[in-house]
$ cat entry-v7.tsv   # TSV, C-alpha atoms
chain	number	residue	atom	x	y	z
N	12	MET	CA	0.00	0.00	0.00
N	13	SER	CA	2.69	2.47	0.96
N	14	LYS	CA	4.68	1.40	-2.12
N	15	ALA	CA	1.75	2.49	-4.26
N	16	ALA	CA	1.71	5.83	-2.44
N	17	ILE	CA	5.41	6.38	-3.14
N	18	GLN	CA	4.80	5.34	-6.74
N	19	ARG	CA	2.05	7.90	-7.07
N	20	LEU	CA	4.27	10.63	-5.61
N	21	LYS	CA	7.02	9.61	-7.99
N	22	GLU	CA	4.72	9.75	-11.00
N	23	ARG	CA	3.48	13.18	-10.02
N	24	PHE	CA	6.97	14.58	-9.24
N	25	PRO	CA	9.39	12.55	-11.36
N	26	ASP	CA	12.24	15.01	-10.80
N	27	ALA	CA	11.66	15.68	-7.08
N	28	VAL	CA	10.91	12.23	-5.66
N	29	THR	CA	13.69	9.72	-6.33
N	30	ASP	CA	15.30	6.50	-5.16
N	31	PRO	CA	12.39	4.62	-3.57
N	32	TYR	CA	13.30	1.68	-1.36
N	33	GLU	CA	11.80	-0.35	1.46
N	34	GLY	CA	13.02	1.04	4.74
N	35	VAL	CA	13.32	-0.50	8.19
N	36	GLY	CA	9.93	-1.64	9.42
N	37	GLY	CA	8.52	-2.14	5.95
N	38	ASP	CA	7.63	1.47	5.19
N	39	ALA	CA	8.34	2.71	1.70
N	40	VAL	CA	10.95	5.44	1.67
N	41	ALA	CA	11.89	7.93	-1.01
N	42	MET	CA	14.31	10.80	-1.27
N	43	VAL	CA	12.82	14.24	-1.94
N	44	ARG	CA	14.63	17.22	-3.34
N	45	LYS	CA	15.11	19.90	-0.74
N	46	ASP	CA	13.50	22.84	-2.53
N	47	ARG	CA	10.39	20.86	-3.54
N	48	VAL	CA	9.49	19.58	-0.05
N	49	ARG	CA	6.51	21.81	0.53
N	50	GLU	CA	5.06	21.11	-2.90
N	51	VAL	CA	5.38	17.34	-2.47
N	52	CYS	CA	3.93	17.45	1.04
N	53	ARG	CA	1.02	19.61	-0.08
N	54	PHE	CA	0.20	17.11	-2.78
N	55	ALA	CA	0.60	14.16	-0.39
N	56	LYS	CA	-1.91	15.71	1.91
N	57	ASP	CA	-4.45	17.00	-0.58
N	58	ASP	CA	-4.51	14.18	-3.11
N	59	PRO	CA	-7.51	11.96	-2.24
N	60	ALA	CA	-5.65	8.77	-3.18
N	61	LEU	CA	-2.84	9.60	-0.74
N	62	ALA	CA	-4.55	11.74	1.93
N	63	PHE	CA	-1.59	11.90	4.31
N	64	ASN	CA	-3.41	13.96	6.90
N	65	LEU	CA	-0.84	13.31	9.66
N	66	ALA	CA	2.85	13.98	9.99
N	67	PRO	CA	3.44	12.02	13.20
N	68	TYR	CA	7.13	12.69	13.30
N	69	ILE	CA	9.61	14.94	11.59
N	70	THR	CA	13.19	14.60	12.69
N	71	ALA	CA	16.72	14.82	11.40
N	72	VAL	CA	19.83	12.67	11.28
N	73	ASP	CA	23.38	13.95	11.29
N	74	PHE	CA	25.67	11.94	9.02
N	75	LEU	CA	28.83	13.81	9.87
N	76	GLY	CA	31.41	13.44	7.13
N	77	SER	CA	29.08	12.60	4.29
N	78	ASP	CA	27.43	14.90	1.82
N	79	PRO	CA	24.70	16.02	2.27
N	80	ARG	CA	25.42	16.05	5.95
N	81	PHE	CA	21.88	16.05	7.36
N	82	ASP	CA	18.85	13.99	6.55
N	83	LEU	CA	15.43	15.35	7.36
N	84	VAL	CA	12.99	12.49	7.81
N	85	TYR	CA	9.28	13.09	7.33
N	86	GLN	CA	7.13	10.27	8.59
N	87	LEU	CA	3.71	10.58	6.97
N	88	SER	CA	0.59	8.70	7.90
N	89	SER	CA	-2.94	8.60	6.57
N	90	THR	CA	-5.88	7.86	8.83
N	91	VAL	CA	-8.09	7.66	5.74
N	92	HIS	CA	-6.27	4.84	3.96
N	93	GLY	CA	-4.20	3.56	6.87
N	94	HIS	CA	-0.89	3.73	5.05
N	95	ARG	CA	2.45	5.29	5.87
N	96	VAL	CA	5.46	6.53	3.96
N	97	ARG	CA	8.76	8.07	4.91
N	98	LEU	CA	10.30	10.93	2.97
N	99	ARG	CA	13.98	11.74	3.33
N	100	VAL	CA	15.43	15.10	2.41
N	101	GLY	CA	19.17	15.61	2.16
N	102	VAL	CA	20.28	18.90	3.69
N	103	PRO	CA	23.84	20.11	3.04
N	104	ALA	CA	25.73	21.63	5.95
N	105	ALA	CA	26.65	24.70	3.90
N	106	ASP	CA	23.03	25.73	3.39
N	107	PRO	CA	20.80	24.10	6.03
N	108	ARG	CA	17.57	25.76	4.94
N	109	VAL	CA	14.42	23.85	4.08
N	110	PRO	CA	10.92	25.10	3.22
N	111	SER	CA	8.65	24.79	6.22
N	112	VAL	CA	5.63	22.48	6.02
N	113	VAL	CA	3.75	24.09	8.89
N	114	GLU	CA	1.23	25.47	6.44
N	115	VAL	CA	0.53	21.90	5.31
N	116	TRP	CA	0.42	20.24	8.73
N	117	LYS	CA	0.01	22.57	11.69
N	118	GLY	CA	1.47	19.86	13.91
N	119	ALA	CA	4.80	20.17	12.13
N	120	ASP	CA	5.43	23.38	14.07
N	121	TRP	CA	7.20	21.90	17.08
N	122	TYR	CA	9.01	19.24	15.07
N	123	GLU	CA	10.61	21.89	12.94
N	124	ARG	CA	11.49	23.90	16.01
N	125	TYR	CA	13.04	20.73	17.40
N	126	CYS	CA	15.11	20.24	14.25
N	127	TRP	CA	16.29	23.82	14.47
N	128	ASP	CA	17.13	23.45	18.15
N	129	MET	CA	18.94	20.14	17.99
N	130	TYR	CA	20.43	20.13	14.48
N	131	GLY	CA	20.45	23.74	13.35
N	132	ILE	CA	18.29	23.27	10.28
N	133	ARG	CA	16.43	26.44	9.41
N	134	PHE	CA	12.88	26.26	8.09
N	135	ASP	CA	11.88	29.03	5.70
N	136	GLY	CA	8.40	30.30	6.36
N	137	HIS	CA	8.11	28.89	9.88
N	138	PRO	CA	5.76	31.11	11.92
N	139	ASP	CA	7.73	30.88	15.20
N	140	PRO	CA	11.33	29.85	14.60
N	141	ARG	CA	12.52	29.64	18.21
N	142	ARG	CA	14.31	26.81	19.94
N	143	LEU	CA	12.08	24.10	21.36
N	144	TYR	CA	13.99	22.51	24.27
N	145	MET	CA	17.12	24.52	24.94
N	146	TYR	CA	17.14	28.09	26.16
N	147	GLU	CA	17.70	31.05	23.88
N	148	GLU	CA	21.11	31.74	25.44
N	149	PHE	CA	22.35	28.32	24.33
N	150	VAL	CA	25.00	28.46	21.62
N	151	GLY	CA	25.19	25.62	19.11
N	152	HIS	CA	23.02	22.62	18.39
N	153	PRO	CA	23.56	19.75	20.83
N	154	LEU	CA	22.55	16.76	18.71
N	155	ARG	CA	25.05	17.57	16.00
N	156	LYS	CA	27.78	14.98	16.03
N	157	ASP	CA	30.47	17.61	16.41
N	158	TYR	CA	28.87	19.14	19.51
N	159	SER	CA	30.66	18.06	22.68
N	160	LEU	CA	28.65	15.54	24.68
N	161	ARG	CA	29.29	17.42	27.92
N	162	GLY	CA	29.10	20.90	26.43
N	163	ARG	CA	27.04	22.33	29.27
N	164	GLN	CA	26.22	26.00	29.19
N	165	PRO	CA	24.93	26.86	32.66
N	166	LEU	CA	22.66	29.86	33.03
N	167	ILE	CA	23.72	30.64	36.59
N	168	PRO	CA	27.12	30.24	38.23
N	169	GLU	CA	27.71	26.72	39.50
N	170	ARG	CA	29.99	25.49	42.26
N	171	VAL	CA	33.16	24.12	40.71
N	172	VAL	CA	33.59	20.41	41.36
N	173	ASP	CA	36.64	18.43	40.33
N	174	GLU	CA	35.62	15.93	37.74
N	175	ALA	CA	35.20	12.54	39.35
N	176	PHE	CA	36.36	9.48	37.49
N	177	ARG	CA	33.16	7.82	36.40
N	178	GLY	CA	34.62	4.68	34.89
N	179	PRO	CA	34.59	3.61	31.28
N	180	GLY	CA	31.66	4.48	29.10
N	181	PRO	CA	30.36	7.43	27.17
N	182	ALA	CA	31.43	9.88	29.88
N	183	GLY	CA	35.08	9.26	29.12
N	184	ARG	CA	34.62	9.96	25.45
N	185	ASP	CA	35.30	13.66	25.45
I	26	MET	CA	43.68	48.63	90.09
I	27	SER	CA	45.56	48.39	86.87
I	28	ASP	CA	44.01	47.97	83.45
I	29	ALA	CA	45.57	44.56	83.06
I	30	ALA	CA	43.88	43.21	86.17
I	31	ASP	CA	40.61	44.68	85.03
I	32	LEU	CA	40.90	42.91	81.71
I	33	ASP	CA	41.66	39.67	83.49
I	34	LEU	CA	38.38	39.77	85.35
I	35	VAL	CA	36.15	40.45	82.38
I	36	PRO	CA	36.46	37.09	80.59
I	37	ALA	CA	35.79	35.21	83.82
I	38	ILE	CA	32.53	37.09	84.40
I	39	ALA	CA	31.50	36.82	80.75
I	40	THR	CA	32.13	33.09	80.79
I	41	ARG	CA	29.83	32.56	83.75
I	42	ARG	CA	27.16	34.67	82.12
I	43	GLU	CA	27.55	32.78	78.86
I	44	ASP	CA	27.40	29.52	80.73
I	45	ALA	CA	24.11	30.43	82.27
I	46	LEU	CA	22.71	31.69	78.99
I	47	SER	CA	24.02	28.82	76.96
I	48	GLY	CA	22.37	26.31	79.27
I	49	LEU	CA	19.06	28.03	78.67
I	50	SER	CA	19.60	28.48	74.98
I	51	ARG	CA	20.62	24.86	74.63
I	52	MET	CA	17.34	23.82	76.16
I	53	VAL	CA	15.48	26.20	73.86
I	54	SER	CA	17.50	24.94	70.93
I	55	GLN	CA	16.74	21.32	71.69
I	56	GLY	CA	13.07	22.09	72.11
I	57	LEU	CA	12.96	24.00	68.86
I	58	GLY	CA	14.89	21.24	67.11
I	59	TRP	CA	12.44	18.67	68.43
I	60	ALA	CA	9.52	20.76	67.20
I	61	ARG	CA	11.06	21.53	63.85
I	62	LYS	CA	12.14	18.02	62.99
I	63	PHE	CA	8.60	16.71	63.39
I	64	SER	CA	6.89	19.43	61.38
I	65	LEU	CA	8.77	19.51	58.10
I	66	PHE	CA	6.58	21.36	55.64
I	67	GLN	CA	7.96	20.26	52.34
I	68	TYR	CA	8.02	21.84	48.93
I	69	PRO	CA	8.14	19.02	46.38
I	70	PHE	CA	10.17	20.21	43.38
I	71	VAL	CA	9.21	17.22	41.28
I	72	THR	CA	10.68	17.20	37.80
I	73	ALA	CA	10.98	13.59	36.70
I	74	CYS	CA	10.17	9.93	37.21
I	75	CYS	CA	11.31	9.95	40.85
I	76	GLY	CA	8.02	11.74	41.39
I	77	MET	CA	6.22	8.40	41.20
I	78	GLU	CA	8.33	7.12	44.07
I	79	PHE	CA	7.71	10.33	45.92
I	80	MET	CA	3.96	9.76	45.56
I	81	ALA	CA	4.41	6.23	46.86
I	82	VAL	CA	6.31	7.38	49.90
I	83	ALA	CA	3.94	10.26	50.57
I	84	SER	CA	0.76	8.22	50.34
I	85	ALA	CA	-0.79	5.73	52.71
I	86	ARG	CA	1.45	2.69	52.38
I	87	TYR	CA	4.71	4.31	53.46
I	88	ASP	CA	3.11	7.42	54.91
I	89	LEU	CA	5.55	10.27	55.40
I	90	ASP	CA	3.07	11.70	57.88
I	91	ARG	CA	4.41	9.32	60.51
I	92	PHE	CA	7.51	11.50	60.51
I	93	GLY	CA	5.65	14.76	60.38
I	94	ALA	CA	6.71	15.51	56.82
I	95	ALA	CA	3.46	14.91	55.01
I	96	LEU	CA	2.12	18.32	54.27
I	97	PRO	CA	3.29	19.61	50.91
I	98	ARG	CA	3.18	23.37	50.60
I	99	PHE	CA	3.10	24.58	47.06
I	100	SER	CA	4.50	27.91	48.00
I	101	PRO	CA	8.20	27.97	48.89
I	102	ARG	CA	7.54	30.72	51.41
I	103	GLN	CA	5.59	28.33	53.61
I	104	ALA	CA	8.00	25.43	53.30
I	105	ASP	CA	10.93	24.27	55.46
I	106	LEU	CA	12.09	21.36	53.38
I	107	LEU	CA	12.86	21.56	49.67
I	108	MET	CA	12.65	18.11	48.14
I	109	VAL	CA	14.31	18.13	44.74
I	110	VAL	CA	12.83	15.05	43.14
I	111	GLY	CA	14.29	14.24	39.76
I	112	THR	CA	16.61	15.56	37.11
I	113	VAL	CA	17.39	19.25	37.11
I	114	ASN	CA	18.71	20.59	33.84
I	115	CYS	CA	20.51	23.79	33.06
I	116	LYS	CA	17.30	25.45	31.95
I	117	GLN	CA	15.66	24.73	35.31
I	118	ALA	CA	18.61	25.57	37.53
I	119	PRO	CA	17.73	29.30	37.82
I	120	ILE	CA	14.18	28.34	38.81
I	121	LEU	CA	15.43	25.96	41.49
I	122	LYS	CA	17.80	28.59	42.82
I	123	ARG	CA	15.05	31.15	42.95
I	124	ILE	CA	12.73	28.78	44.81
I	125	HIS	CA	15.47	28.01	47.32
I	126	ASP	CA	16.14	31.70	47.77
I	127	SER	CA	12.50	32.48	48.46
I	128	MET	CA	12.21	29.89	51.23
I	129	ALA	CA	12.37	31.34	54.71
I	130	ASP	CA	15.07	30.24	57.15
I	131	PRO	CA	15.46	27.71	58.64
I	132	LYS	CA	15.37	25.58	55.52
I	133	TRP	CA	16.68	22.21	54.51
I	134	VAL	CA	17.17	20.52	51.18
I	135	ILE	CA	16.93	16.87	50.24
I	136	ALA	CA	18.31	15.65	46.93
I	137	PHE	CA	15.92	12.84	46.10
I	138	GLY	CA	17.32	10.28	43.71
I	139	VAL	CA	20.60	9.96	41.95
I	140	CYS	CA	19.84	12.57	39.28
I	141	ALA	CA	19.30	15.31	41.82
I	142	SER	CA	22.32	14.12	43.80
I	143	SER	CA	24.86	13.85	41.01
I	144	GLY	CA	23.21	14.11	37.64
I	145	GLY	CA	22.92	10.35	37.47
I	146	PHE	CA	23.60	8.86	34.09
I	147	TYR	CA	22.63	12.12	32.40
I	148	ASP	CA	26.23	13.19	31.97
I	149	ASN	CA	25.34	15.30	28.95
I	150	TYR	CA	24.95	18.78	27.58
I	151	ALA	CA	21.76	19.63	29.42
I	152	THR	CA	21.84	18.29	32.96
I	153	VAL	CA	23.18	19.91	36.12
I	154	GLN	CA	25.59	17.40	37.66
I	155	GLY	CA	23.95	17.43	41.06
I	156	ILE	CA	21.88	20.22	42.57
I	157	ASP	CA	24.65	20.89	45.09
I	158	ARG	CA	26.35	22.84	42.35
I	159	VAL	CA	23.52	25.35	42.60
I	160	ILE	CA	22.06	25.15	46.13
I	161	PRO	CA	23.30	23.63	49.41
I	162	VAL	CA	22.04	20.13	50.15
I	163	ASP	CA	21.54	18.49	53.55
I	164	VAL	CA	20.68	14.90	52.71
I	165	TYR	CA	21.34	12.95	49.54
I	166	ILE	CA	19.12	9.94	48.85
I	167	PRO	CA	20.63	7.69	46.20
I	168	GLY	CA	18.70	5.31	44.00
I	169	CYS	CA	17.13	5.36	40.58
I	170	PRO	CA	14.51	5.80	41.88
I	171	PRO	CA	15.11	5.28	45.62
I	172	ARG	CA	13.03	2.75	47.46
I	173	PRO	CA	10.53	4.33	49.83
I	174	GLU	CA	12.52	2.86	52.71
I	175	GLN	CA	15.54	4.81	51.52
I	176	VAL	CA	13.49	7.99	51.50
I	177	LEU	CA	12.27	7.33	55.02
I	178	ASP	CA	15.86	6.71	56.05
I	179	GLY	CA	16.82	10.03	54.47
I	180	ILE	CA	14.04	11.80	56.37
I	181	LEU	CA	15.24	10.21	59.62
I	182	LEU	CA	18.80	11.32	58.87
I	183	LEU	CA	17.56	14.83	58.28
I	184	GLN	CA	15.63	14.73	61.55
I	185	LYS	CA	18.80	13.70	63.36
I	186	LYS	CA	20.64	16.55	61.71
I	187	ILE	CA	17.94	19.06	62.59
I	188	GLN	CA	17.95	17.91	66.22
I	189	ALA	CA	21.71	18.34	66.42
I	190	GLN	CA	21.68	21.82	64.90
I	191	PRO	CA	21.65	24.96	67.05
I	192	HIS	CA	18.29	26.70	66.87
I	193	LYS	CA	17.37	30.13	68.13
I	194	LEU	CA	14.03	31.61	69.03
I	195	ILE	CA	14.87	34.81	67.24
I	196	ASP	CA	17.49	34.43	64.57
I	197	ARG	CA	18.32	37.77	63.05
I	198	LEU	CA	21.25	38.48	60.85
I	199	PRO	CA	23.40	41.40	62.02
I	200	PRO	CA	22.19	44.62	60.41
I	201	GLY	CA	23.75	45.48	57.11
I	202	GLN	CA	24.57	41.89	56.27
I	203	PRO	CA	22.97	40.63	53.10
I	204	GLY	CA	20.71	37.60	53.27
I	205	GLN	CA	22.02	34.13	52.78
I	206	GLY	CA	22.07	32.59	49.32
$ encode --input "entry-v7.tsv" --output "structure tokens"
Amino acid sequence: MSKAAIQRLKERFPDAVTDPYEGVGGDAVAMVRKDRVREVCRFAKDDPALAFNLAPYITAVDFLGSDPRFDLVYQLSSTVHGHRVRLRVGVPAADPRVPSVVEVWKGADWYERYCWDMYGIRFDGHPDPRRLYMYEEFVGHPLRKDYSLRGRQPLIPERVVDEAFRGPGPAGRD
Amino acid sequence: MSDAADLDLVPAIATRREDALSGLSRMVSQGLGWARKFSLFQYPFVTACCGMEFMAVASARYDLDRFGAALPRFSPRQADLLMVVGTVNCKQAPILKRIHDSMADPKWVIAFGVCASSGGFYDNYATVQGIDRVIPVDVYIPGCPPRPEQVLDGILLLQKKIQAQPHKLIDRLPPGQPGQG
């Protein structure tokens, strides 16, 4: 079912939707060109045969060292037909700007703020482009692979404590 | 009578006076300590999953009321005991500090659970590595989350500490000295 949905998207946007494959969990996945995201999403929602009226999750992945560096992942779901697809959008580190899909799905608002907060991907046309979790004073984007794991930025002065040895594990990594 | 002899007498008299006063004030202190340790009005600063264990220990089965610490006050100005239950991250640290500052003396703090005590396994970009980096802590209760028995043990430890502390009926700071914290 979701393969047919990807096929339909691919027929409608032959130059924007490419490389379909079956992803983990059995959902059909396709790559979408960055500048056509909003157009594709608008069609996926409005077309009666697709009717993806939900975007249950929009997130990003940082593939540090590869090009494009980031992957935006749009998980789409339809309560009408009961099918799901996943759209992946490559975002280069040099120009991390993507058209916002808040006007398509209102619920995408906080997901896009999350992607800005954690990965530093800007969404053009977002109505409220603030951080979601971290505070405004925070510098950097903590889920980027090149952000230090313990890069704490306290808001108020903290008592200085000598670092205790916490044994092997992720704490000793940086 | 020389000045030196005069000076020699003064400490002896002052010591006897202090002795008499300190006997009284020790009795007052012990009485106040006894009263204070059994009427801990707590402010539950519950931020995370330890809150479930806090509910367990506060409700009927383990019943914090047996130790006089049952009444949660949701205004820090009415509370004696700040219970920091759960992870505190950098974004919340100013809030926690402000709540601690607005509590009236005497006040005590319990770090409930390993996250509040040391950051726990959240050794990452967002979490304060123990609330003692921001506010003073009296009792640390380890555990993820702590068993209710551990919490009761922590309360008993705090009661012991309160009983051993000096208390005063009127405890004013000297004029001109800024408030604590």
$ atom_distance --input "entry-v7.tsv" --atom1 "CA of Arg86 (chain I)" --atom2 "CA of Gln188 (chain I)"
26.4 Å
$ residues_around --input "entry-v7.tsv" --residues "region 169-178 of chain I" --least-positions-apart "4" --cutoff "7 Å" --atoms "all atoms listed in the file" --output "PyMOL selection string"
chain I and resi 75+78+82+87+138-139+182
$ interface_residues --input "entry-v7.tsv" --of "chain I" --to "chain N" --cutoff "7 Å" --atoms "only C-alpha atoms" --output "JSON, numbers by chain"
{"I": [115, 116, 119, 148, 149, 150, 151, 158, 159]}
$ closest_residue --input "entry-v7.tsv" --among "I:Arg102, I:Pro131, I:Gly155, I:Leu46" --to "Gln190 (chain I)" --atoms "only C-alpha atoms"
I:Pro131
$ residues_around --input "entry-v7.tsv" --residues "Pro101 (chain I)" --least-positions-apart "5" --cutoff "12 Å" --atoms "all atoms listed in the file" --output "MDAnalysis selection string"
chainID I and resid 66:70 106:108 120:130 132:134
$ residues_around --input "entry-v7.tsv" --residues "Met42 (chain N)" --least-positions-apart "4" --cutoff "7 Å" --atoms "all atoms listed in the file" --output "MDAnalysis selection string"
chainID N and resid 28:31 98:100
$ axis_aligned_box --input "entry-v7.tsv" --around "region 44-54 of chain I" --padding-each-side "8 Å" --output "AutoDock Vina command-line options"
--center_x 21.4 --center_y 27.8 --center_z 76.6 --size_x 27.9 --size_y 23.9 --size_z 27.3
$ residues_around --input "entry-v7.tsv" --residues "region 134-140 of chain N" --least-positions-apart "6" --cutoff "8 Å" --atoms "all atoms listed in the file" --output "number ranges by chain"
N: 108-113, 120, 123-124, 127
$ atom_distance --input "entry-v7.tsv" --atom1 "CA of Lys117 (chain N)" --atom2 "CA of Arg133 (chain N)"
17.0 Å
